[in-house]
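Enquirer: So here's data.cif, just mmCIF, C-alpha atoms and all ligand atoms:
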```cif
data_run
loop_
_atom_site.label_atom_id
_atom_site.label_comp_id
_atom_site.auth_asym_id
_atom_site.auth_seq_id
_atom_site.Cartn_x
_atom_site.Cartn_y
_atom_site.Cartn_z
CA MET A 1435 -9.03 -0.80 33.73
CA ASN A 1436 -9.44 0.16 37.35
CA ASP A 1437 -10.02 3.39 39.22
CA ALA A 1438 -6.29 4.10 39.53
CA GLN A 1439 -6.36 4.82 35.80
CA THR A 1440 -9.10 7.44 35.76
CA LEU A 1441 -8.89 11.02 34.49
CA ALA A 1442 -10.29 14.02 36.35
CA VAL A 1443 -12.67 16.12 34.24
CA GLU A 1444 -14.91 19.12 34.73
CA VAL A 1445 -18.40 19.50 33.28
CA ILE A 1446 -18.22 22.46 30.89
CA GLY A 1447 -21.56 22.04 29.11
CA ILE A 1448 -24.99 20.57 29.87
CA GLU A 1449 -28.00 20.69 27.59
CA GLN A 1450 -31.36 18.96 27.81
CA ILE A 1451 -31.82 17.85 24.21
CA THR A 1452 -34.90 15.61 24.45
CA PRO A 1453 -37.36 15.05 27.31
CA LEU A 1454 -35.14 12.16 28.49
CA ILE A 1455 -31.62 12.88 27.23
CA LYS A 1456 -29.03 15.32 28.54
CA HIS A 1457 -25.91 16.18 26.58
CA PHE A 1458 -22.73 16.68 28.65
CA LYS A 1459 -19.33 18.12 27.72
CA LEU A 1460 -16.41 17.00 29.88
CA ALA A 1461 -13.05 18.78 29.73
CA PRO A 1462 -9.76 17.99 31.47
CA ILE A 1463 -9.31 20.01 34.65
CA GLY A 1464 -6.80 22.75 33.93
CA GLY A 1465 -7.13 22.40 30.15
CA GLY A 1466 -5.09 20.34 27.70
CA SER A 1467 -6.09 17.33 25.69
CA LEU A 1468 -7.86 14.11 26.53
CA PRO A 1469 -6.67 10.73 25.19
CA ALA A 1470 -7.34 9.94 21.53
CA PHE A 1471 -10.18 7.59 20.64
CA SER A 1472 -12.00 6.18 17.62
CA GLY A 1473 -15.71 6.13 16.76
CA GLY A 1474 -17.65 3.60 18.86
CA SER A 1475 -15.52 4.12 21.99
CA HIS A 1476 -17.02 4.47 25.44
CA ILE A 1477 -15.85 5.81 28.76
CA ILE A 1478 -16.83 4.80 32.28
CA VAL A 1479 -17.99 7.75 34.38
CA VAL A 1480 -17.30 7.28 38.09
CA MET A 1481 -19.92 9.06 40.22
CA GLN A 1482 -19.72 9.48 43.97
CA GLY A 1483 -23.39 9.11 44.88
CA ALA A 1484 -24.89 9.18 48.34
CA GLY A 1485 -23.44 6.10 50.02
CA ARG A 1486 -22.66 4.41 46.71
CA VAL A 1487 -20.23 4.80 43.82
CA HIS A 1488 -21.75 4.47 40.37
CA ARG A 1489 -19.60 3.51 37.40
CA ASN A 1490 -21.63 3.78 34.22
CA PRO A 1491 -20.44 3.33 30.62
CA TYR A 1492 -21.36 6.02 28.09
CA SER A 1493 -20.45 6.17 24.38
CA LEU A 1494 -18.39 9.12 23.25
CA LEU A 1495 -20.40 11.05 20.66
CA SER A 1496 -17.93 13.84 19.93
CA ALA A 1497 -15.69 13.89 16.88
CA PRO A 1498 -12.60 11.73 17.49
CA HIS A 1499 -10.34 14.61 16.42
CA GLN A 1500 -11.84 16.92 19.06
CA LEU A 1501 -9.86 16.19 22.20
CA ASP A 1502 -10.25 19.35 24.27
CA ASN A 1503 -13.48 17.83 25.60
CA TYR A 1504 -15.51 14.64 25.36
CA GLU A 1505 -19.25 14.64 24.74
CA ILE A 1506 -21.68 12.05 26.06
CA GLY A 1507 -25.47 11.68 26.04
CA VAL A 1508 -27.21 10.35 29.14
CA ARG A 1509 -30.75 9.02 29.02
CA ARG A 1510 -32.72 9.28 32.22
CA MET A 1511 -33.67 5.70 33.00
CA GLU A 1512 -37.03 5.19 34.70
CA GLU A 1513 -35.63 2.28 36.65
CA SER A 1514 -32.26 3.85 37.35
CA ARG A 1515 -30.10 2.28 40.04
CA GLY A 1516 -28.82 5.78 40.64
CA GLY A 1517 -26.30 6.56 37.90
CA SER A 1518 -28.52 8.23 35.30
CA HIS A 1519 -30.44 10.13 38.00
CA PHE A 1520 -27.14 11.31 39.45
CA MET A 1521 -26.05 12.63 36.05
CA HIS A 1522 -29.41 14.31 35.46
CA ASP A 1523 -30.12 15.70 38.94
CA THR A 1524 -26.80 16.19 40.72
CA VAL A 1525 -24.23 17.00 38.05
CA LYS A 1526 -24.07 20.74 37.30
CA LEU A 1527 -21.83 23.00 35.27
CA GLY A 1528 -18.44 22.96 36.99
CA SER A 1529 -19.00 19.56 38.65
CA ARG A 1530 -15.93 17.37 38.73
CA LEU A 1531 -16.06 13.73 37.71
CA GLU A 1532 -13.65 10.87 37.21
CA ILE A 1533 -13.69 9.05 33.90
CA ALA A 1534 -11.86 5.97 32.65
CA HIS A 1535 -9.77 6.10 29.48
CA PRO A 1536 -11.80 5.45 26.30
CA VAL A 1537 -12.13 1.86 25.16
CA ASN A 1538 -13.55 0.76 21.83
CA LEU A 1539 -15.54 -2.48 21.77
CA PHE A 1540 -17.77 -1.27 18.91
CA GLY A 1541 -15.38 -0.04 16.23
CA LEU A 1542 -16.08 0.04 12.51
CA ASP A 1543 -14.60 -2.90 10.64
CA LYS A 1544 -11.69 -1.61 8.58
CA ILE A 1545 -12.17 -3.92 5.60
CA ALA A 1546 -15.97 -3.71 5.35
CA ARG A 1547 -17.23 -2.84 1.87
CA LYS A 1548 -20.32 -1.14 3.34
CA HIS A 1549 -21.63 -0.27 6.80
CA VAL A 1550 -25.28 -0.47 7.88
CA LEU A 1551 -25.74 1.37 11.18
CA ILE A 1552 -28.94 0.79 13.18
CA ALA A 1553 -29.78 2.89 16.23
CA GLY A 1554 -32.70 2.92 18.64
CA GLY A 1555 -33.17 5.87 21.03
CA ILE A 1556 -30.04 6.69 23.03
CA GLY A 1557 -28.25 4.04 20.94
CA ILE A 1558 -27.51 6.78 18.41
CA THR A 1559 -24.56 8.07 20.46
CA PRO A 1560 -21.71 5.79 19.28
CA PHE A 1561 -22.76 6.36 15.67
CA LEU A 1562 -22.32 10.12 16.00
CA ALA A 1563 -18.59 9.62 16.52
CA GLN A 1564 -18.46 6.90 13.87
CA LEU A 1565 -19.99 9.29 11.31
CA GLU A 1566 -16.93 11.47 11.78
CA ASP A 1567 -14.71 8.47 11.00
CA LEU A 1568 -16.88 7.58 7.99
CA HIS A 1569 -16.85 11.10 6.57
CA GLY A 1570 -14.48 11.12 3.63
CA ALA A 1571 -13.52 7.45 4.12
CA GLY A 1572 -15.09 6.52 0.79
CA VAL A 1573 -16.96 3.48 2.16
CA PRO A 1574 -20.73 3.55 1.58
CA TYR A 1575 -22.97 3.49 4.64
CA GLU A 1576 -26.56 3.93 5.78
CA LEU A 1577 -27.73 5.07 9.21
CA HIS A 1578 -31.19 3.92 10.31
CA TYR A 1579 -32.37 5.73 13.47
CA SER A 1580 -35.58 4.75 15.23
CA VAL A 1581 -37.23 6.86 17.96
CA ARG A 1582 -40.56 6.87 19.78
CA SER A 1583 -41.59 10.25 18.33
CA SER A 1584 -39.95 13.33 16.84
CA GLU A 1585 -39.43 14.96 20.25
CA HIS A 1586 -37.25 11.99 21.26
CA ALA A 1587 -34.92 12.31 18.26
CA ALA A 1588 -31.56 13.48 19.62
CA PHE A 1589 -28.75 15.31 17.81
CA LEU A 1590 -30.77 15.64 14.58
CA ASP A 1591 -28.93 18.73 13.30
CA ARG A 1592 -25.60 17.03 13.72
CA LEU A 1593 -26.87 13.84 12.10
CA HIS A 1594 -28.30 15.64 9.07
CA ARG A 1595 -25.13 17.67 8.70
CA ARG A 1596 -22.86 14.66 8.82
CA ALA A 1597 -24.94 11.84 7.28
CA GLY A 1598 -27.13 13.82 4.87
CA ALA A 1599 -28.99 11.47 2.53
CA ASN A 1600 -27.49 8.43 4.30
CA LEU A 1601 -29.77 9.08 7.31
CA TYR A 1602 -33.13 7.27 7.48
CA MET A 1603 -35.48 8.28 10.31
CA TYR A 1604 -38.28 6.16 11.79
CA HIS A 1605 -40.92 7.39 14.27
CA ASP A 1606 -42.87 4.73 16.20
CA ASP A 1607 -45.84 7.06 16.73
CA GLU A 1608 -46.25 7.40 12.96
CA GLY A 1609 -46.12 3.63 12.51
CA ARG A 1610 -42.79 3.85 10.70
CA THR A 1611 -40.46 1.11 11.82
CA ILE A 1612 -37.16 -0.09 10.41
CA PRO A 1613 -37.83 -2.81 7.78
CA PHE A 1614 -35.18 -5.11 9.25
CA GLU A 1615 -35.88 -8.11 7.03
CA THR A 1616 -35.76 -6.15 3.75
CA LEU A 1617 -32.81 -4.09 4.89
CA LEU A 1618 -30.68 -7.06 5.90
CA ALA A 1619 -31.72 -9.33 3.03
CA ASN A 1620 -30.56 -6.90 0.38
CA GLN A 1621 -27.01 -5.88 1.14
CA PRO A 1622 -23.91 -6.47 -0.97
CA LEU A 1623 -21.35 -9.06 0.13
CA GLY A 1624 -18.84 -7.62 2.56
CA THR A 1625 -21.40 -5.41 4.34
CA HIS A 1626 -21.17 -5.15 8.14
CA VAL A 1627 -24.15 -4.29 10.34
CA TYR A 1628 -23.88 -2.44 13.66
CA VAL A 1629 -26.76 -2.09 16.11
CA CYS A 1630 -27.07 -0.15 19.35
CA GLY A 1631 -30.34 0.37 21.18
CA PRO A 1632 -32.88 -1.53 23.28
CA ALA A 1633 -32.21 -5.22 23.98
CA GLY A 1634 -35.20 -6.32 21.88
CA MET A 1635 -33.95 -4.43 18.84
CA ILE A 1636 -30.44 -5.84 19.17
CA LYS A 1637 -31.76 -9.38 19.50
CA HIS A 1638 -34.02 -8.93 16.48
CA VAL A 1639 -31.24 -7.52 14.30
CA ILE A 1640 -28.84 -10.32 15.25
CA GLY A 1641 -31.50 -12.98 14.62
CA THR A 1642 -32.61 -11.46 11.31
CA ALA A 1643 -29.05 -11.05 10.06
CA GLN A 1644 -28.25 -14.66 10.98
CA ALA A 1645 -31.43 -15.88 9.26
CA CYS A 1646 -30.35 -13.94 6.14
CA GLY A 1647 -27.02 -15.79 6.20
CA TRP A 1648 -24.76 -13.03 7.55
CA PRO A 1649 -21.58 -14.39 9.17
CA ASP A 1650 -21.35 -13.56 12.89
CA SER A 1651 -18.13 -11.65 12.22
CA HIS A 1652 -20.16 -9.10 10.20
CA ILE A 1653 -22.72 -8.45 12.97
CA HIS A 1654 -21.72 -5.95 15.65
CA TRP A 1655 -23.77 -4.75 18.58
CA GLU A 1656 -23.41 -2.75 21.75
CA GLN A 1657 -25.74 -2.28 24.65
CA PHE A 1658 -25.16 -0.62 27.98
CA SER A 1659 -27.82 -1.85 30.33
CA ALA A 1660 -27.83 -1.88 34.09
CA PRO A 1661 -26.72 -5.18 35.63
CA PRO A 1662 -29.80 -7.20 36.55
CA GLY A 1663 -30.64 -7.37 40.25
CA GLY A 1664 -31.59 -10.55 42.08
CA ASP A 1665 -31.52 -12.24 45.45
CA ALA A 1666 -28.98 -11.03 47.98
CA PHE A 1667 -26.07 -13.40 48.63
CA ASP A 1668 -22.67 -13.51 50.30
CA VAL A 1669 -19.33 -14.19 48.67
CA TYR A 1670 -15.91 -14.96 50.16
CA LEU A 1671 -12.86 -13.54 48.36
CA ALA A 1672 -10.17 -16.15 48.97
CA ARG A 1673 -7.04 -14.08 48.21
CA SER A 1674 -8.30 -10.94 49.94
CA LYS A 1675 -9.63 -13.03 52.85
CA ILE A 1676 -12.85 -11.05 53.20
CA SER A 1677 -16.58 -11.76 52.98
CA VAL A 1678 -18.72 -9.43 50.90
CA HIS A 1679 -22.50 -9.06 51.01
CA VAL A 1680 -24.19 -8.49 47.62
CA PRO A 1681 -27.57 -6.75 48.07
CA PRO A 1682 -30.41 -7.27 45.56
CA ASP A 1683 -29.89 -3.96 43.75
CA GLN A 1684 -26.09 -3.99 43.53
CA SER A 1685 -23.96 -6.03 41.15
CA LEU A 1686 -21.37 -8.50 42.38
CA LEU A 1687 -18.64 -6.29 40.87
CA GLU A 1688 -19.97 -3.16 42.59
CA SER A 1689 -20.16 -4.95 45.93
CA ILE A 1690 -16.58 -6.23 45.60
CA GLU A 1691 -15.37 -2.74 44.66
CA ALA A 1692 -17.25 -1.20 47.58
CA ALA A 1693 -15.30 -3.60 49.84
CA GLY A 1694 -12.07 -2.12 48.49
CA VAL A 1695 -11.02 -4.95 46.17
CA GLU A 1696 -10.23 -4.00 42.59
CA VAL A 1697 -11.35 -6.14 39.67
CA PRO A 1698 -10.25 -5.24 36.13
CA TYR A 1699 -13.06 -4.10 33.82
CA LEU A 1700 -13.66 -2.47 30.46
CA CYS A 1701 -17.33 -2.67 29.54
CA ARG A 1702 -19.16 -3.42 32.82
CA GLY A 1703 -21.78 -5.00 30.56
CA GLY A 1704 -20.79 -8.66 30.28
CA VAL A 1705 -19.15 -8.39 26.88
CA CYS A 1706 -15.42 -7.71 27.05
CA GLY A 1707 -14.30 -10.53 29.34
CA PHE A 1708 -11.99 -8.36 31.43
CA CYS A 1709 -13.68 -9.04 34.76
CA HIS A 1710 -13.48 -12.83 34.29
CA THR A 1711 -13.16 -14.38 37.75
CA ARG A 1712 -12.53 -17.98 38.81
CA VAL A 1713 -15.11 -19.66 41.01
CA LEU A 1714 -13.33 -21.78 43.64
CA GLU A 1715 -16.33 -23.16 45.54
CA LEU A 1716 -20.08 -22.96 45.08
CA GLU A 1717 -23.09 -24.29 46.91
CA GLY A 1718 -26.03 -23.20 44.80
CA GLU A 1719 -26.10 -21.90 41.24
CA LEU A 1720 -24.55 -19.10 39.25
CA VAL A 1721 -26.86 -16.70 37.43
CA HIS A 1722 -24.94 -15.91 34.26
CA ASN A 1723 -26.09 -12.71 32.53
CA ASP A 1724 -23.03 -12.13 30.35
CA HIS A 1725 -22.48 -12.54 26.60
CA PHE A 1726 -18.84 -13.57 26.99
CA LEU A 1727 -18.72 -17.09 28.43
CA SER A 1728 -19.73 -19.98 26.19
CA ASP A 1729 -22.71 -22.12 27.18
CA ALA A 1730 -20.24 -24.89 28.06
CA ASP A 1731 -18.26 -22.56 30.34
CA LYS A 1732 -21.47 -21.41 31.99
CA ALA A 1733 -22.55 -25.01 32.58
CA ARG A 1734 -19.14 -25.87 34.05
CA GLY A 1735 -19.68 -23.25 36.78
CA LYS A 1736 -15.99 -22.47 37.21
CA SER A 1737 -16.09 -18.87 35.94
CA ILE A 1738 -18.21 -15.79 36.50
CA MET A 1739 -18.33 -12.28 35.02
CA PRO A 1740 -19.11 -10.24 38.16
CA CYS A 1741 -20.08 -7.06 36.26
CA VAL A 1742 -23.46 -8.55 35.34
CA SER A 1743 -23.69 -12.06 36.79
CA ARG A 1744 -24.56 -13.10 40.30
CA ALA A 1745 -25.48 -16.23 42.27
CA ARG A 1746 -28.34 -17.93 44.03
CA CYS A 1747 -26.34 -19.71 46.66
CA THR A 1748 -25.59 -20.51 50.25
CA SER A 1749 -21.84 -20.34 49.67
CA LEU A 1750 -19.60 -18.86 46.96
CA VAL A 1751 -15.81 -18.49 47.02
CA LEU A 1752 -14.05 -16.47 44.33
CA ASP A 1753 -10.37 -16.28 43.38
CA LEU A 1754 -9.97 -12.61 44.25
S1 LIG B 1801 -16.23 -5.76 32.54
FE1 LIG B 1801 -16.55 -6.48 30.52
S2 LIG B 1801 -17.38 -8.47 30.87
FE2 LIG B 1801 -17.26 -7.63 32.84
#
```
With the file now loaded, output its structure as structure tokens.
Expert:
Amino acid sequence: MNDAQTLAVEVIGIEQITPLIKHFKLAPIGGGSLPAFSGGSHIIVVMQGAGRVHRNPYSLLSAPHQLDNYEIGVRRMEESRGGSHFMHDTVKLGSRLEIAHPVNLFGLDKIARKHVLIAGGIGITPFLAQLEDLHGAGVPYELHYSVRSSEHAAFLDRLHRRAGANLYMYHDDEGRTIPFETLLANQPLGTHVYVCGPAGMIKHVIGTAQACGWPDSHIHWEQFSAPPGGDAFDVYLARSKISVHVPPDQSLLESIEAAGVEVPYLCRGGVCGFCHTRVLELEGELVHNDHFLSDADKARGKSIMPCVSRARCTSLVLDL
């Protein structure tokens, strides 16, 4: 994926649905249909901010059969690098945006005998589209949705309508938390678990499932977090023959893109492997923040995922 493959859309609906989450509807300019997708897919929204382009991934929450517009939910991040504030403060009805084609890195397993879906906060969004896929599929499922308090519970009407008795709600302020150990220790063989939410929740679910003997192939997770910042550094792109400065609050990928060099991407979150880039020379160390490279690959220092990883170095040359 690169920006040459984006679609132009217009914002046709905006609704503040919780104190922190806005719901957006994006339709193709001039009408028509958007590309088909399946539950769990995300799009990248390209935003032309002041002096900086933001490219943020958002899960599609609309029904996969509804292609006249896409729906996304955007949580206002306290420590936003600009993208979520842009969506909340700058985007209005009628605003035009570029989006990348949908990609699914969080799809439902087709041969699972049961699905256990676990959401925290804004992590509910991919499951809204998956519920549409699950409806009438005949495979049992449970959706466990945890929020800080009732006012932070998003899309409740839709969830009740679609999931009914399969929906289990948990409110932190009432001391009700998801009983992860019990939940994951008592599932029939062939069950798959899916988790989307804060990093701590994802880590806990993965660890608990592994401790309960779940195979890794049955544990699915998705998290869209901002790339971590760090020290500024400079990188030389050998094929493009240019030097690029990476400031503390910009990712390596964003800095390379701002210099006019395209790098393929799908997730922009260190998961898909699409932005894999060869390291040709390095004086210093790489700061790997991805979940794609193996520990051995990271130790070898010959590859980097520029969407989330950076370097602490005096010299870095990449094969770009
Ligand atoms: S874009 Fe997916 S790992 Fe970098």
Enquirer: Give as a list in words the residues surrounding ligand LIG 1801 (chain B) up to a distance of 6 Å, considering all atoms listed in the file.
Expert: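 Result of the 6 Å neighbour search around ligand LIG 1801 (chain B): Tyr1699, Leu1700, Cys1701, Arg1702, Gly1703, Gly1704, Val1705, Cys1706, Gly1707, Phe1708, Cys1709, Met1739 and Cys1741 of chain A.
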Enquirer: Grab the residues selected above and save them as a compact mmCIF listing (two decimals), in the frame of the given file with C-alpha atoms.
Expert:
```
# COMPACT_ATOMS: atom_id res chain seq x y z
CA TYR A 1699 -13.06 -4.10 33.82
CA LEU A 1700 -13.66 -2.47 30.46
CA CYS A 1701 -17.33 -2.67 29.54
CA ARG A 1702 -19.16 -3.42 32.82
CA GLY A 1703 -21.78 -5.00 30.56
CA GLY A 1704 -20.79 -8.66 30.28
CA VAL A 1705 -19.15 -8.39 26.88
CA CYS A 1706 -15.42 -7.71 27.05
CA GLY A 1707 -14.30 -10.53 29.34
CA PHE A 1708 -11.99 -8.36 31.43
CA CYS A 1709 -13.68 -9.04 34.76
CA MET A 1739 -18.33 -12.28 35.02
CA CYS A 1741 -20.08 -7.06 36.26
```
Enquirer: Fewer than 5 positions away in the same chain doesn't count, so skip those; otherwise give me all residues within 8 Å of A:Tyr1670, counting only C-alpha atoms, as an NGL selection string.
Expert: :A and (1675-1678 or 1750-1752)
Enquirer: For the contact check between stretch 1549-1589 of chain A and stretch 1485-1501 of chain A, emit one row per residue of stretch 1549-1589 of chain A within 10 Å, containing the shortest atom pair and the distance in Å rounded to one decimal, counting only C-alpha atoms, chain then rising number order, as a Markdown table.
Expert:
```
| residue | atom | partner | partner_atom | distance |
| --- | --- | --- | --- | --- |
| A:Ile1556 | CA | A:Ser1493 | CA | 9.7 |
| A:Gly1557 | CA | A:Ser1493 | CA | 8.8 |
| A:Ile1558 | CA | A:Leu1495 | CA | 8.6 |
| A:Thr1559 | CA | A:Leu1495 | CA | 5.1 |
| A:Pro1560 | CA | A:Ser1493 | CA | 5.3 |
| A:Phe1561 | CA | A:Leu1495 | CA | 7.2 |
| A:Leu1562 | CA | A:Leu1495 | CA | 5.1 |
| A:Ala1563 | CA | A:Leu1495 | CA | 4.7 |
| A:Gln1564 | CA | A:Ala1497 | CA | 8.1 |
| A:Leu1565 | CA | A:Ala1497 | CA | 8.4 |
| A:Glu1566 | CA | A:Ala1497 | CA | 5.8 |
| A:Asp1567 | CA | A:Pro1498 | CA | 7.6 |
| A:Phe1589 | CA | A:Leu1495 | CA | 9.8 |
```
Enquirer: Considering all atoms listed in the file, can you say which of A:Ser1651, A:Asn1723, A:Gln1450, A:Thr1440 comes closest to A:His1586?
Expert: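 Counting all atoms listed in the file, the residue closest to A:His1586 is A:Gln1450.
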Enquirer: At a cut-off of 9 Å, using only C-alpha atoms, what residues contact A:His1654? Leave out same-chain residues fewer than 2 positions from it and give the result as an MDAnalysis selection string.
Expert: chainID A and resid 1540:1542 1626:1630 1640 1650:1652 1656
Enquirer: What gap, in Å, lies between atom CA of A:Arg1509 and atom CA of A:Gly1664?
Expert: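 Interatomic distance, atom CA of A:Arg1509 to atom CA of A:Gly1664: 23.5 Å.
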Enquirer: Quick one: residues within 12 Å of A:Glu1615, only C-alpha atoms counted, chain neighbours fewer than 3 positions away excluded, as a list in words?
Expert: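 My list of contacting residues is Thr1611, Ile1612, Leu1618, Ala1619, Asn1620, Gln1621, His1638, Val1639, Ile1640, Gly1641, Thr1642, Ala1643, Gln1644, Ala1645, Cys1646 and Gly1647 of chain A.
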Enquirer: Counting all atoms listed in the file, which of A:Arg1610, A:His1476, A:Arg1530, A:Arg1746 gets nearest to A:Gln1657?
Expert: A:His1476
Enquirer: Quick one: everything within 12 Å of A:Ser1580, counting all atoms listed in the file, minus sequence neighbours fewer than 6 positions away in the same chain. Send it as a PyMOL selection string.
Expert: chain A and resi 1551-1558+1586-1588+1590+1601-1614+1629-1632+1635
Enquirer: Could the residues in this selection be saved with C-alpha atoms as a PDB file, in the frame of the given file?
Expert:
```pdb
ATOM      1  CA  LEU A1551     -25.740   1.370  11.180  1.00  0.00           C
ATOM      2  CA  ILE A1552     -28.940   0.790  13.180  1.00  0.00           C
ATOM      3  CA  ALA A1553     -29.780   2.890  16.230  1.00  0.00           C
ATOM      4  CA  GLY A1554     -32.700   2.920  18.640  1.00  0.00           C
ATOM      5  CA  GLY A1555     -33.170   5.870  21.030  1.00  0.00           C
ATOM      6  CA  ILE A1556     -30.040   6.690  23.030  1.00  0.00           C
ATOM      7  CA  GLY A1557     -28.250   4.040  20.940  1.00  0.00           C
ATOM      8  CA  ILE A1558     -27.510   6.780  18.410  1.00  0.00           C
ATOM      9  CA  HIS A1586     -37.250  11.990  21.260  1.00  0.00           C
ATOM     10  CA  ALA A1587     -34.920  12.310  18.260  1.00  0.00           C
ATOM     11  CA  ALA A1588     -31.560  13.480  19.620  1.00  0.00           C
ATOM     12  CA  LEU A1590     -30.770  15.640  14.580  1.00  0.00           C
ATOM     13  CA  LEU A1601     -29.770   9.080   7.310  1.00  0.00           C
ATOM     14  CA  TYR A1602     -33.130   7.270   7.480  1.00  0.00           C
ATOM     15  CA  MET A1603     -35.480   8.280  10.310  1.00  0.00           C
ATOM     16  CA  TYR A1604     -38.280   6.160  11.790  1.00  0.00           C
ATOM     17  CA  HIS A1605     -40.920   7.390  14.270  1.00  0.00           C
ATOM     18  CA  ASP A1606     -42.870   4.730  16.200  1.00  0.00           C
ATOM     19  CA  ASP A1607     -45.840   7.060  16.730  1.00  0.00           C
ATOM     20  CA  GLU A1608     -46.250   7.400  12.960  1.00  0.00           C
ATOM     21  CA  GLY A1609     -46.120   3.630  12.510  1.00  0.00           C
ATOM     22  CA  ARG A1610     -42.790   3.850  10.700  1.00  0.00           C
ATOM     23  CA  THR A1611     -40.460   1.110  11.820  1.00  0.00           C
ATOM     24  CA  ILE A1612     -37.160  -0.090  10.410  1.00  0.00           C
ATOM     25  CA  PRO A1613     -37.830  -2.810   7.780  1.00  0.00           C
ATOM     26  CA  PHE A1614     -35.180  -5.110   9.250  1.00  0.00           C
ATOM     27  CA  VAL A1629     -26.760  -2.090  16.110  1.00  0.00           C
ATOM     28  CA  CYS A1630     -27.070  -0.150  19.350  1.00  0.00           C
ATOM     29  CA  GLY A1631     -30.340   0.370  21.180  1.00  0.00           C
ATOM     30  CA  PRO A1632     -32.880  -1.530  23.280  1.00  0.00           C
ATOM     31  CA  MET A1635     -33.950  -4.430  18.840  1.00  0.00           C
TER      32      MET A1635
END
```
